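Okay, protein36.cif is below, mmCIF, C-alpha atoms:
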data_protein
loop_
_atom_site.label_atom_id
_atom_site.label_comp_id
_atom_site.auth_asym_id
_atom_site.auth_seq_id
_atom_site.Cartn_x
_atom_site.Cartn_y
_atom_site.Cartn_z
CA MET A 127 0.00 0.00 0.00
CA SER A 128 1.31 3.45 -0.86
CA THR A 129 2.15 5.84 1.94
CA ALA A 130 0.73 8.72 -0.10
CA PRO A 131 -2.47 10.20 1.38
CA ALA A 132 -5.53 9.03 -0.55
CA PHE A 133 -7.44 12.31 -0.41
CA ALA A 134 -6.29 15.39 -2.28
CA ILE A 135 -6.16 18.55 -0.20
CA THR A 136 -7.66 21.11 -2.54
CA PRO A 137 -8.38 24.83 -2.13
CA GLU A 138 -11.81 26.45 -2.21
CA PRO A 139 -13.45 26.13 -5.65
CA PRO A 140 -13.37 27.07 -8.41
CA TYR A 141 -10.60 24.84 -9.76
CA TYR A 142 -10.43 22.10 -12.40
CA ALA A 143 -10.65 18.31 -12.34
CA VAL A 144 -9.47 15.82 -14.95
CA ILE A 145 -11.48 12.62 -14.51
CA PHE A 146 -9.59 9.71 -16.09
CA SER A 147 -11.59 6.45 -16.19
CA SER A 148 -9.78 3.43 -17.54
CA LEU A 149 -9.81 -0.31 -18.00
CA ARG A 150 -6.35 -1.86 -17.77
CA THR A 151 -5.04 -4.56 -20.08
CA GLU A 152 -3.73 -7.81 -18.56
CA GLY A 153 -0.17 -7.80 -17.20
CA ASP A 154 1.99 -4.93 -15.99
CA ASN A 155 4.06 -4.14 -19.12
CA GLY A 156 5.93 -1.40 -17.27
CA TYR A 157 2.72 0.28 -16.17
CA GLY A 158 3.40 0.37 -12.41
CA ASN A 159 6.70 2.20 -12.66
CA MET A 160 5.39 4.65 -15.23
CA ALA A 161 2.24 5.39 -13.21
CA GLU A 162 4.36 6.26 -10.17
CA ARG A 163 6.64 8.41 -12.28
CA MET A 164 3.68 10.25 -13.84
CA VAL A 165 2.21 11.08 -10.43
CA ALA A 166 5.58 12.45 -9.28
CA LEU A 167 5.99 14.42 -12.51
CA ALA A 168 2.43 15.81 -12.38
CA ALA A 169 3.05 17.01 -8.83
CA GLU A 170 5.93 19.16 -10.10
CA GLN A 171 3.76 20.97 -12.66
CA SER A 172 2.63 24.53 -12.19
CA GLY A 173 -1.03 24.59 -11.17
CA PHE A 174 -1.15 21.01 -9.89
CA LEU A 175 -3.41 20.81 -6.82
CA GLY A 176 -3.65 17.09 -6.04
CA ILE A 177 -4.58 13.63 -7.28
CA GLU A 178 -6.84 10.77 -6.15
CA SER A 179 -6.87 7.28 -7.59
CA ALA A 180 -8.68 3.98 -7.11
CA ARG A 181 -8.67 0.74 -9.12
CA GLY A 182 -10.74 -2.35 -8.39
CA VAL A 183 -9.76 -5.98 -8.86
CA ASN A 184 -11.77 -5.98 -12.12
CA GLY A 185 -9.17 -3.65 -13.66
CA PHE A 186 -11.46 -0.62 -13.86
CA GLY A 187 -10.00 2.49 -12.27
CA ILE A 188 -10.66 6.18 -11.80
CA THR A 189 -7.95 8.80 -11.30
CA VAL A 190 -8.93 12.41 -10.70
CA SER A 191 -6.25 15.08 -10.84
CA TYR A 192 -6.99 18.63 -9.73
CA TRP A 193 -5.61 21.74 -11.38
CA ALA A 194 -5.70 25.50 -10.91
CA SER A 195 -6.63 26.36 -14.50
CA PRO A 196 -7.28 25.01 -18.01
CA GLU A 197 -3.83 26.34 -18.94
CA SER A 198 -2.11 24.16 -16.35
CA ILE A 199 -4.01 21.11 -17.68
CA ALA A 200 -2.97 21.94 -21.26
CA ALA A 201 0.69 22.31 -20.23
CA TRP A 202 0.63 18.93 -18.46
CA LYS A 203 -1.01 17.24 -21.44
CA ALA A 204 1.79 18.60 -23.67
CA ASP A 205 4.68 17.62 -21.34
CA VAL A 206 7.15 15.56 -23.41
CA GLU A 207 7.58 12.72 -20.94
CA HIS A 208 3.83 12.63 -20.29
CA CYS A 209 3.19 12.48 -24.06
CA ALA A 210 5.35 9.35 -24.28
CA ALA A 211 3.37 7.81 -21.42
CA GLN A 212 0.07 8.71 -23.11
CA GLU A 213 1.24 6.94 -26.24
CA MET A 214 2.18 3.81 -24.25
CA GLY A 215 -1.21 4.02 -22.54
CA LYS A 216 -3.00 3.86 -25.89
CA ARG A 217 -0.76 1.08 -27.21
CA ALA A 218 -0.26 -1.20 -24.22
CA TRP A 219 -1.81 -0.30 -20.88
CA TYR A 220 -5.46 0.55 -21.46
CA GLU A 221 -8.18 -1.42 -23.18
CA HIS A 222 -10.28 1.71 -23.02
CA TYR A 223 -10.14 5.10 -21.34
CA GLU A 224 -12.30 8.18 -21.07
CA ILE A 225 -11.13 11.63 -20.04
CA ARG A 226 -13.42 14.38 -18.85
CA VAL A 227 -12.26 17.88 -18.00
CA ALA A 228 -14.53 19.62 -15.53
CA LYS A 229 -14.68 22.82 -13.51
CA VAL A 230 -15.26 22.15 -9.81
CA GLU A 231 -17.88 24.57 -8.55
CA ARG A 232 -18.63 23.26 -5.03
CA ALA A 233 -16.90 20.92 -2.58
CA TYR A 234 -17.64 19.60 0.91
CA GLY A 235 -16.79 16.59 3.04
CA GLU A 236 -16.94 14.75 6.37
CA PRO A 237 -15.16 15.08 8.66
CA ALA A 238 -14.87 18.73 7.69
CA ALA A 239 -11.31 19.88 6.98
CA MET B 209 -17.93 -9.00 -10.71
CA SER B 210 -20.92 -6.91 -11.64
CA THR B 211 -22.40 -7.26 -15.10
CA ALA B 212 -22.98 -3.50 -15.24
CA PRO B 213 -20.78 -1.73 -17.80
CA ALA B 214 -17.90 0.08 -16.09
CA PHE B 215 -17.92 3.14 -18.35
CA ALA B 216 -20.76 5.63 -18.35
CA ILE B 217 -22.13 6.51 -21.79
CA THR B 218 -22.52 10.25 -21.55
CA PRO B 219 -23.72 12.84 -24.08
CA GLU B 220 -21.64 15.68 -25.49
CA PRO B 221 -20.65 18.21 -22.80
CA PRO B 222 -21.67 20.33 -21.03
CA TYR B 223 -23.11 18.21 -18.22
CA TYR B 224 -22.31 17.77 -14.54
CA ALA B 225 -20.21 15.35 -12.52
CA VAL B 226 -20.41 14.56 -8.80
CA ILE B 227 -17.01 13.21 -7.72
CA PHE B 228 -17.42 11.21 -4.51
CA SER B 229 -14.09 10.12 -2.95
CA SER B 230 -14.36 7.96 0.15
CA LEU B 231 -12.52 5.75 2.59
CA ARG B 232 -14.65 2.87 3.87
CA THR B 233 -14.78 1.70 7.46
CA GLU B 234 -13.99 -1.96 8.24
CA GLY B 235 -16.80 -4.49 7.71
CA ASP B 236 -19.86 -4.35 5.50
CA ASN B 237 -22.53 -3.12 7.97
CA GLY B 238 -25.19 -3.29 5.27
CA TYR B 239 -23.13 -1.19 2.88
CA GLY B 240 -23.11 -3.55 -0.11
CA ASN B 241 -26.88 -3.88 -0.37
CA MET B 242 -27.45 -0.17 0.13
CA ALA B 243 -24.81 0.79 -2.43
CA GLU B 244 -26.52 -1.40 -5.05
CA ARG B 245 -29.90 0.06 -4.13
CA MET B 246 -28.58 3.63 -4.40
CA VAL B 247 -27.16 3.01 -7.88
CA ALA B 248 -30.51 1.60 -9.02
CA LEU B 249 -32.41 4.47 -7.42
CA ALA B 250 -30.07 7.12 -8.88
CA ALA B 251 -30.60 5.63 -12.33
CA GLU B 252 -34.34 6.33 -12.01
CA GLN B 253 -33.83 10.03 -11.31
CA SER B 254 -34.59 12.69 -13.86
CA GLY B 255 -31.34 14.02 -15.33
CA PHE B 256 -29.22 10.98 -14.40
CA LEU B 257 -26.68 10.29 -17.18
CA GLY B 258 -24.49 7.51 -15.77
CA ILE B 259 -22.15 6.38 -13.00
CA GLU B 260 -18.61 5.01 -12.72
CA SER B 261 -17.06 3.51 -9.62
CA ALA B 262 -13.78 1.97 -8.47
CA ARG B 263 -12.51 0.95 -5.04
CA GLY B 264 -9.08 -0.46 -4.25
CA VAL B 265 -8.16 -3.09 -1.68
CA ASN B 266 -7.00 -0.27 0.64
CA GLY B 267 -10.65 0.83 1.04
CA PHE B 268 -10.26 4.08 -0.89
CA GLY B 269 -12.79 4.53 -3.67
CA ILE B 270 -14.01 7.04 -6.22
CA THR B 271 -17.53 7.13 -7.61
CA VAL B 272 -18.42 9.67 -10.27
CA SER B 273 -22.07 10.18 -11.19
CA TYR B 274 -23.04 12.27 -14.20
CA TRP B 275 -26.06 14.55 -14.36
CA ALA B 276 -27.78 16.82 -16.84
CA SER B 277 -28.04 19.85 -14.56
CA PRO B 278 -27.40 21.22 -11.05
CA GLU B 279 -31.14 20.90 -10.45
CA SER B 280 -31.07 17.15 -11.07
CA ILE B 281 -28.16 16.82 -8.61
CA ALA B 282 -30.04 18.83 -5.98
CA ALA B 283 -33.17 16.68 -6.42
CA TRP B 284 -31.15 13.48 -5.99
CA LYS B 285 -29.40 14.83 -2.89
CA ALA B 286 -32.83 15.56 -1.36
CA ASP B 287 -34.41 12.18 -2.22
CA VAL B 288 -35.80 10.72 1.03
CA GLU B 289 -34.31 7.26 0.66
CA HIS B 290 -30.99 8.71 -0.44
CA CYS B 291 -30.99 11.03 2.59
CA ALA B 292 -31.28 8.00 4.89
CA ALA B 293 -28.34 6.39 3.07
CA GLN B 294 -26.30 9.59 3.39
CA GLU B 295 -26.93 9.56 7.13
CA MET B 296 -25.79 5.92 7.40
CA GLY B 297 -22.75 6.82 5.33
CA LYS B 298 -21.71 9.47 7.85
CA ARG B 299 -22.42 7.22 10.84
CA ALA B 300 -21.21 3.81 9.75
CA TRP B 301 -19.78 3.35 6.27
CA TYR B 302 -17.22 6.06 5.66
CA GLU B 303 -14.21 7.09 7.71
CA HIS B 304 -13.98 10.12 5.48
CA TYR B 305 -15.51 11.36 2.25
CA GLU B 306 -15.20 14.34 -0.04
CA ILE B 307 -17.76 15.46 -2.62
CA ARG B 308 -16.97 17.76 -5.51
CA VAL B 309 -19.59 19.02 -7.94
CA ALA B 310 -18.13 19.94 -11.31
CA LYS B 311 -19.26 21.03 -14.75
CA VAL B 312 -17.81 18.81 -17.49
CA GLU B 313 -16.61 21.03 -20.30
CA ARG B 314 -14.73 18.57 -22.55
CA ALA B 315 -14.58 14.80 -22.97
CA TYR B 316 -12.72 12.34 -25.18
CA GLY B 317 -11.54 8.77 -25.10
CA GLU B 318 -9.95 5.76 -26.81
CA PRO B 319 -11.24 3.79 -28.56
CA ALA B 320 -13.48 6.62 -29.73
CA ALA B 321 -17.21 5.98 -29.19
#

Reformat the file's structure so that it appears as structure tokens.
Amino acid sequence: MSTAPAFAITPEPPYYAVIFSSLRTEGDNGYGNMAERMVALAAEQSGFLGIESARGVNGFGITVSYWASPESIAAWKADVEHCAAQEMGKRAWYEHYEIRVAKVERAYGEPAA
Amino acid sequence: MSTAPAFAITPEPPYYAVIFSSLRTEGDNGYGNMAERMVALAAEQSGFLGIESARGVNGFGITVSYWASPESIAAWKADVEHCAAQEMGKRAWYEHYEIRVAKVERAYGEPAA
């Protein structure tokens, strides 16, 4: 189990969310190492606010990354190393994925922060 | 494994997403049955577009439900049976949860629909 906290600590809205839903292929094929590297690299990007991720035993997973602006999302999408990972994702790691870019308007939780 | 499709089939944006991130308590405590019932009940609501869900073995999960409008989200939040489930969630099922309501502005995937 990772020692990273599961919940992202995000500021008051508005901010942006990238909802990445995916079904993994069988086998690792270098996925684990690259996924860790991508999280570390994302966290270095300007405008990165946090990330949350869950994957069930059926191979279906959801990762939500949070960003300060559409510009910070566009810059991350265009990052050279991230582009290589995206290409490997299409070729080898994901049977299917869907990406939705959304503007977070309201947020609340329990226990309250 | 559920026979329900993992990916939500959503229309062209804009629409809304409710991102529900949660850490489960130990034990079932009636959670499994209620979770199934809530998915079925949500699917009957006006404005419901779909739902995606993943939970890892560490107990952390993300469920994203998709809705046509803020009004449809508000009506679902106020549903009597759903309110009872929300109360049980706070008391028994979740150590911690965070809810973010977001407007989906763009969406794309592979293989393309």

What residues in chain A have any atom no more than 8 Å from chain B when counting only C-alpha atoms, and can you write them as number ranges by chain? A: 127, 132-133, 143, 147, 178-184, 186-188, 216, 222-237

Grab the atom CA of Glu207 of chain A to atom CA of Ala161 of chain A distance for me, in Å with one decimal place.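 Atom-to-atom, atom CA of Glu207 of chain A to atom CA of Ala161 of chain A, that is 11.9 Å.
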
Expressed in Å to a single decimal, how great is the separation between atom CA of Ala292 of chain B and atom CA of Met246 of chain B? 10.6 Å

Find the spatial neighbours of Gln171 of chain A, counting only C-alpha atoms, within a cut-off of 9 Å - ignore same-chain residues fewer than 2 positions away - and output them as a list in words.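 Final neighbour list, sorted by chain and number: Leu167, Ala168, Ala169, Gly173, Phe174, Ser198, Ala201 and Trp202 of chain A.
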
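Taking atom CA of Arg232 of chain B and atom CA of Arg299 of chain B as endpoints, the distance between them is 11.3 Å.
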
Please determine the residues with any atom at most 9 Å from (-3.7, -7.0, -20.4) (coordinates as given in the file, with all atoms listed in the file counting) and report them as a list in words. Arg150, Thr151, Glu152, Gly153, Asp154, Asn155, Ala218, Trp219, Tyr220 and Glu221 of chain A
